[in-house]
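Chemist: One structure, as structure tokens, below. Some questions next.
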Amino acid sequence: MTQDGSHAIDVLLREKRLYKPSAAFQKRARIRSLPALRSIIARARRNPPGFWAKAARDIQWMKPWKKILDWRPPHARWFVGGALNVSANCLDRHLEGPRRNKAALIWEGEPGDSRVLTYHELHAETSRFANVLKSLGVRKGDCVGIYMPAVPEAVVAMLACARIGAMHNVVFGGFSAQALRERLVDSKARVLVTADGGWRRGQIVPLKGVADEALAGAPGVEHVVVFKRAANAVGWVEGRDLWWHELMLAAPRDCPAVPVDAENPLYILYTSGSTGKPKGVLHTTGGYLVQTALTSKWVFDLRDEDVYWCTADIGWVTGHSYVVYGPLACGATVLLYEGAPFHPEPDRLWSIIEKRGVSVFYTAPTAIRACMRFGDDWPRKHDLSSLRLLGSVGEPINPEAWLWYYRVIGGSRCPVVDTWWQTETGAILITPVPGATPMKPGSATMPFPGIEADVVDRQGRPVKPGKGGYLVVRKPWPSMLRGIFGDPKRYKSQYFDPIPGAYFSGDGARKDADGYFWVLGRIDDVINVSGHRLSTMEIESALVSHPAVSEAAVVGRPDEIQGQAITAFVTLKAGASSNAGLKDELRAHVVRAIGPLAKPSDIRFAEALPKTRSGKIMRRLLRELAGSGRTQGDITTLEDFTVLSKLQSGGEEES
Ligand code: PRX
């Protein structure tokens, strides 16, 4: 963080386009106009706990709460004294009415196989597996590791933990043995649920093999339950390893959901972001469910007839909140896809949307930009008319990508909800409410009702409209993290010490004159050129608006004169040729879009950019490369190691 108290970031890029929700969408929306939304926001502002208490009435409680909020900064407890069960809310309550035989999960396997589980079936599987966990000695408060491909059994395992009051720690199936081991040890997992393998890009990912390697250093894990998915050969430790299907055959069908305290831990999820040691973010039960359910209903406008598809893996928070808990609490039909988005062809996403009639689609800017790179012909081959709402999450979406998504995928008829939130926030905090909020491409628009977000300086004072600053949340919200597992000091020092009186997100942002928020990316990614702090995101956005550019990552490298000089790593669209002429053209393009200050000193063409497994560009590595030519530090979260070695060996397509 910078020392300067006056302002944090200079804002250079201005996006003026405005898109209103269509009259057709508005007519049947839950909140139909901006004035209606503003009045809900104003009411919630007068009494935030009252607003959330009203939302909590949509959830089934087994025991009513005594106090809505107990706030002893920086620690919050919500719905104090209340008891409920998340699995009962996601399953049992739907069995009483017409949702009983409705599809809860529509699953598409990568090789082309598929399955549908109704709410009745998902409930039965979950109850049986909850009994399996009990038979393995898992008790309330214990932790279960889940290292699975995206198959229905991963969802079953999560819901089964919740059913008996145990917590889960889902580790993304693409993580290495070392990353899995660290997370199992840190979370004190007693049981690991995994699979023999999962399909990705036509290959089998040998999950059980990786798990075996991880378990060699995780002696606390007593049992491993193995789901048979890919039928690949696996090693076996007698007494420790057990087949899912054998245990399920023996398990009773009936397992009542236990009442747990509203503050009972629901899960730990490790987040590394792009720097530092992974943090075990802890989420609890009542507040988390209330907020994920309400945001699913209002932001995704979920209806019984929708087929809702969030492409995030269940290993990320988006998979927890918006594949599993929020949508199932709303009784939605959730689509789950096992594999890679461009396998066997770049139109896999569009072909699934057409096949299943997906109506609400939620994905990440990195996926959208990759799709743009493949060109419009792939989506145009498919009937995407079932879509009625689109969403984006994970990074700032640059206006070019937003517009492409809106026009080519949404046929200019679907609102795009650009949702800002974090693993730590548990649920969406800043977002359009479709049907009510006019959208500006690249802006996550306004805080959700009940959320007091602001853009401030180092002392916590609001900065003027149009000025860059630090994105904070001033009041507690129900789904906020309750701590860092095993590291209480870090919770305070990381999130509450930096800015007085507020939760600090780590992001930079600005608010415009209409009160719209523009997230500028991680504050660590800000660069300082001749005393001006620039958001790398804005320069990247300018580069990507050039027709030849597919993706861009901008970092600073030390420079004697300017302080930092701008280095841009650029990948090109198919057919564009990298040459010195293009470099000059791109520089000129940035100058036109933003100004001479933002002109990149170096432009390096690359085949691909180093990314975390959730698709975020690892700018730290690029910063190191641009500075010293080498990288150091943790790279366990890197998705594709060859990308880095190509960049390091100068293997980029230099002109
Ligand atoms: O920098 C912001 C960016 O992603 C960070 C949170 O990452 P993670 O904990 O992995 O959770 C991702 C899914 C919620 C934020 O601090 N981010 C997320 N959504 C947006 C975003 N940046 C801009 N616009 C968004 N819509």
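As shown in the structure tokens, the chain order sets the letters A, B, ...; within each chain, residues go from 1, and ligands are also counted from 1 in the order they appear.
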Using only C-alpha atoms and all ligand atoms, what are the residues with an atom within 7 Å of ligand 1, set out as a ChimeraX atom specification?
Modeler: /A:271,273,317-318,392-397,418-424,444,505-507,519-522
Chemist: Would you mind writing down, as a ChimeraX atom specification, each residue of range 446-514 of chain A that DSSP on the backbone assigns to strand (DSSP E or B)?
Modeler: /A:447,453-456,462,468-473,483-484,503-511
Chemist: Selected residues, C-alpha atoms, written as a compact mmCIF listing (two decimals), in the first residue's frame, please.
Modeler:
# COMPACT_ATOMS: atom_id res chain seq x y z
CA PRO A 447 -23.29 -2.14 -3.72
CA ALA A 453 -18.98 -0.23 0.41
CA ASP A 454 -16.92 2.87 -0.27
CA VAL A 455 -13.75 4.15 -1.92
CA VAL A 456 -11.47 5.86 0.57
CA PRO A 462 -14.08 8.99 1.18
CA GLY A 468 -9.06 6.33 -7.33
CA GLY A 469 -8.78 4.92 -3.82
CA TYR A 470 -9.06 1.83 -1.67
CA LEU A 471 -12.17 -0.31 -1.84
CA VAL A 472 -13.54 -0.93 1.66
CA VAL A 473 -16.69 -2.18 3.37
CA GLY A 483 -11.42 -15.65 10.43
CA ILE A 484 -8.31 -17.26 8.98
CA TYR A 503 -12.78 -4.00 6.06
CA PHE A 504 -10.06 -3.53 3.43
CA SER A 505 -10.55 -5.63 0.33
CA GLY A 506 -7.05 -5.19 -1.08
CA ASP A 507 -8.56 -3.76 -4.28
CA GLY A 508 -8.33 -0.30 -5.74
CA ALA A 509 -11.45 1.34 -7.16
CA ARG A 510 -13.12 4.59 -8.06
CA LYS A 511 -16.68 5.76 -7.83
Chemist: Show me, as a Markdown table, the residues of range 129-214 of chain A having an atom within 8 Å of range 229-248 of chain A, each with the closest atom pair and its distance in Å, using only C-alpha atoms.
Modeler:
| residue | atom | partner | partner_atom | distance |
| --- | --- | --- | --- | --- |
| A:Phe129 | CA | A:Met248 | CA | 6.5 |
| A:Val132 | CA | A:Leu247 | CA | 6.4 |
| A:Ala195 | CA | A:Arg229 | CA | 6.3 |
| A:Asp196 | CA | A:Arg229 | CA | 6.2 |
| A:Gly197 | CA | A:Ala230 | CA | 5.2 |
| A:Gly198 | CA | A:Ala230 | CA | 5.9 |
| A:Trp199 | CA | A:Ala230 | CA | 7.2 |
| A:Ile204 | CA | A:Ala230 | CA | 6.9 |
| A:Pro206 | CA | A:Asn232 | CA | 7.7 |
| A:Lys208 | CA | A:Val234 | CA | 6.5 |
| A:Gly209 | CA | A:Val234 | CA | 6.6 |
| A:Asp212 | CA | A:Gly235 | CA | 7.8 |
Chemist: Need to verify the contact set: Trp52 in chain A, 10 Å, only C-alpha atoms, exclusion of same-chain residues closer than 2 positions in sequence. Can you return it as a list in words?
Modeler: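 Everything that qualifies: Ala44, Asn47, Pro48, Pro49, Gly50, Lys54, Ala55, Ala56, Arg57, Ile68, Leu69, Trp78, Phe79, Gly287, Val290, Gln291, Leu294, Pro449, Gly450, Trp477 and Pro478 of chain A.
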Chemist: For the residues in the current selection, export all heavy atoms as a compact mmCIF listing (two decimals), in the first residue's frame.
Modeler:
# COMPACT_ATOMS: atom_id res chain seq x y z
N ALA A 44 -32.41 -0.24 3.58
CA ALA A 44 -31.40 -1.15 4.15
C ALA A 44 -30.32 -0.34 4.86
O ALA A 44 -29.78 -0.76 5.88
CB ALA A 44 -30.80 -2.04 3.07
N ASN A 47 -31.14 0.59 8.37
CA ASN A 47 -31.15 -0.50 9.36
C ASN A 47 -30.64 -1.79 8.70
O ASN A 47 -31.43 -2.68 8.38
CB ASN A 47 -32.58 -0.68 9.90
CG ASN A 47 -32.68 -1.84 10.86
OD1 ASN A 47 -31.66 -2.40 11.30
ND2 ASN A 47 -33.91 -2.22 11.20
N PRO A 48 -29.31 -1.89 8.49
CA PRO A 48 -28.79 -3.08 7.79
C PRO A 48 -29.18 -4.40 8.47
O PRO A 48 -29.65 -5.32 7.79
CB PRO A 48 -27.27 -2.88 7.77
CG PRO A 48 -27.07 -1.41 7.98
CD PRO A 48 -28.24 -0.93 8.79
N PRO A 49 -29.06 -4.55 9.82
CA PRO A 49 -29.45 -5.83 10.41
C PRO A 49 -30.92 -6.16 10.13
O PRO A 49 -31.28 -7.32 9.90
CB PRO A 49 -29.19 -5.64 11.91
CG PRO A 49 -28.16 -4.57 11.98
CD PRO A 49 -28.47 -3.65 10.84
N GLY A 50 -31.76 -5.12 10.13
CA GLY A 50 -33.18 -5.34 9.86
C GLY A 50 -33.39 -5.87 8.45
O GLY A 50 -34.22 -6.76 8.21
N LYS A 54 -34.89 -9.70 7.52
CA LYS A 54 -36.02 -9.97 6.62
C LYS A 54 -35.63 -11.06 5.61
O LYS A 54 -36.38 -11.98 5.34
CB LYS A 54 -36.41 -8.67 5.92
CG LYS A 54 -37.70 -8.76 5.18
CD LYS A 54 -38.30 -7.38 4.90
CE LYS A 54 -39.52 -7.54 4.03
NZ LYS A 54 -39.40 -6.85 2.75
N ALA A 55 -34.40 -10.92 5.08
CA ALA A 55 -33.92 -11.93 4.11
C ALA A 55 -33.83 -13.31 4.77
O ALA A 55 -34.07 -14.34 4.13
CB ALA A 55 -32.55 -11.51 3.57
N ALA A 56 -33.50 -13.32 6.05
CA ALA A 56 -33.31 -14.60 6.75
C ALA A 56 -34.62 -15.36 6.90
O ALA A 56 -34.61 -16.56 7.16
CB ALA A 56 -32.70 -14.35 8.13
N ARG A 57 -35.74 -14.66 6.69
CA ARG A 57 -37.03 -15.38 6.80
C ARG A 57 -37.26 -16.30 5.62
O ARG A 57 -38.16 -17.13 5.64
CB ARG A 57 -38.17 -14.37 6.95
CG ARG A 57 -38.11 -13.79 8.33
CD ARG A 57 -39.29 -12.93 8.74
NE ARG A 57 -38.80 -12.10 9.82
CZ ARG A 57 -38.65 -10.78 9.74
NH1 ARG A 57 -39.03 -10.12 8.68
NH2 ARG A 57 -38.14 -10.12 10.76
N ILE A 68 -29.91 -10.38 15.99
CA ILE A 68 -29.53 -10.46 14.57
C ILE A 68 -28.02 -10.37 14.41
O ILE A 68 -27.42 -11.15 13.68
CB ILE A 68 -30.20 -9.33 13.75
CG1 ILE A 68 -31.71 -9.35 13.96
CG2 ILE A 68 -29.87 -9.48 12.28
CD1 ILE A 68 -32.41 -8.11 13.43
N LEU A 69 -27.42 -9.40 15.09
CA LEU A 69 -25.98 -9.17 14.89
C LEU A 69 -25.29 -8.82 16.20
O LEU A 69 -25.77 -7.97 16.94
CB LEU A 69 -25.78 -8.02 13.89
CG LEU A 69 -24.36 -7.46 13.75
CD1 LEU A 69 -23.41 -8.49 13.15
CD2 LEU A 69 -24.35 -6.19 12.89
N TRP A 78 -23.64 -13.45 13.44
CA TRP A 78 -24.96 -13.15 12.88
C TRP A 78 -25.98 -14.20 13.33
O TRP A 78 -25.64 -15.37 13.46
CB TRP A 78 -24.90 -13.14 11.35
CG TRP A 78 -24.28 -11.89 10.79
CD1 TRP A 78 -22.96 -11.67 10.56
CD2 TRP A 78 -24.97 -10.70 10.40
NE1 TRP A 78 -22.78 -10.40 10.03
CE2 TRP A 78 -24.00 -9.79 9.92
CE3 TRP A 78 -26.32 -10.30 10.39
CZ2 TRP A 78 -24.32 -8.52 9.45
CZ3 TRP A 78 -26.64 -9.03 9.91
CH2 TRP A 78 -25.65 -8.16 9.45
N PHE A 79 -27.19 -13.74 13.55
CA PHE A 79 -28.30 -14.62 13.91
C PHE A 79 -27.95 -15.45 15.14
O PHE A 79 -28.07 -16.67 15.17
CB PHE A 79 -28.71 -15.49 12.70
CG PHE A 79 -28.97 -14.65 11.47
CD1 PHE A 79 -28.10 -14.68 10.37
CD2 PHE A 79 -30.04 -13.76 11.44
CE1 PHE A 79 -28.32 -13.87 9.27
CE2 PHE A 79 -30.27 -12.95 10.33
CZ PHE A 79 -29.40 -13.01 9.25
N GLY A 287 -25.48 -16.81 8.45
CA GLY A 287 -25.31 -15.60 7.65
C GLY A 287 -24.89 -15.93 6.22
O GLY A 287 -25.36 -15.32 5.26
N VAL A 290 -27.95 -17.15 4.27
CA VAL A 290 -28.90 -16.06 4.02
C VAL A 290 -28.42 -15.21 2.84
O VAL A 290 -29.17 -14.91 1.91
CB VAL A 290 -29.07 -15.19 5.29
CG1 VAL A 290 -29.81 -13.89 4.97
CG2 VAL A 290 -29.81 -15.97 6.38
N GLN A 291 -27.15 -14.85 2.86
CA GLN A 291 -26.68 -13.93 1.82
C GLN A 291 -26.46 -14.62 0.47
O GLN A 291 -26.73 -14.03 -0.57
CB GLN A 291 -25.40 -13.22 2.27
CG GLN A 291 -25.15 -11.97 1.43
CD GLN A 291 -24.01 -11.13 1.95
OE1 GLN A 291 -23.65 -11.20 3.12
NE2 GLN A 291 -23.45 -10.31 1.08
N LEU A 294 -30.04 -15.01 -0.94
CA LEU A 294 -30.68 -13.78 -1.40
C LEU A 294 -30.01 -13.25 -2.68
O LEU A 294 -30.69 -12.81 -3.61
CB LEU A 294 -30.66 -12.70 -0.31
CG LEU A 294 -31.36 -11.41 -0.75
CD1 LEU A 294 -32.87 -11.61 -0.85
CD2 LEU A 294 -31.04 -10.24 0.17
N PRO A 449 -28.01 -4.05 -1.78
CA PRO A 449 -28.65 -3.51 -0.57
C PRO A 449 -28.07 -4.14 0.69
O PRO A 449 -27.79 -5.33 0.73
CB PRO A 449 -30.12 -3.91 -0.75
CG PRO A 449 -30.31 -4.04 -2.23
CD PRO A 449 -29.00 -4.50 -2.78
N GLY A 450 -27.88 -3.32 1.71
CA GLY A 450 -27.34 -3.83 2.98
C GLY A 450 -25.82 -3.83 3.05
O GLY A 450 -25.26 -4.17 4.08
N TRP A 477 -21.28 -7.73 7.14
CA TRP A 477 -22.32 -8.34 6.31
C TRP A 477 -22.40 -9.83 6.65
O TRP A 477 -21.41 -10.40 7.15
CB TRP A 477 -22.05 -8.08 4.83
CG TRP A 477 -20.78 -8.71 4.31
CD1 TRP A 477 -20.67 -9.88 3.62
CD2 TRP A 477 -19.42 -8.22 4.46
NE1 TRP A 477 -19.35 -10.14 3.34
CE2 TRP A 477 -18.56 -9.15 3.84
CE3 TRP A 477 -18.87 -7.09 5.08
CZ2 TRP A 477 -17.18 -8.98 3.81
CZ3 TRP A 477 -17.48 -6.94 5.05
CH2 TRP A 477 -16.66 -7.87 4.41
N PRO A 478 -23.55 -10.46 6.43
CA PRO A 478 -23.76 -11.81 6.99
C PRO A 478 -22.78 -12.87 6.51
O PRO A 478 -22.40 -13.74 7.27
CB PRO A 478 -25.19 -12.16 6.54
CG PRO A 478 -25.85 -10.86 6.28
CD PRO A 478 -24.79 -9.91 5.83
Chemist: Could you check the closest approach to Thr612 in chain A for each of A:Leu282, A:Asn579, A:Thr366, A:Ser628 and tell me which residue wins, using only C-alpha atoms?
Modeler: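 Smallest distance to Thr612 in chain A is found for A:Thr366.
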Chemist: Nearest to Ala211 in chain A: which of A:Tyr147, A:Trp61, A:Trp378, A:Phe227 is it, counting only C-alpha atoms?
Modeler: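 Among the listed residues, A:Tyr147 lies closest to Ala211 in chain A.
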Chemist: Counting only C-alpha atoms, what is within 8 Å of His283 in chain A, bar same-chain residues fewer than 4 positions away, as a list of chain:residue names?
Modeler: A:Pro265, A:Leu266, A:Tyr267, A:Ile268, A:Tyr288, A:Gly426, A:Ser479, A:Met480, A:Leu481, A:Arg482, A:Gly483
Chemist: Counting only C-alpha atoms, what is within 12 Å of Arg139 in chain A, bar same-chain residues fewer than 3 positions away, as a list in words?
Modeler: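 Result of the neighbour search: Ala130, Asn131, Val132, Leu133, Lys134, Ser135, Leu136, Asp142, Cys143, Val144, Ala160, Cys161, Ala162, Arg163, Ile164, Gly165, Ala166, Met167, His168, Ala189, Arg190, Val191 and Val258 of chain A.
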Chemist: Can you pull out the residues contacting Ile31 in chain A? Cut-off 8 Å, using only C-alpha atoms, and skip same-chain residues under 3 positions away; I want them as a PyMOL selection string.
Modeler: chain A and resi 26+36-37+298+433-436
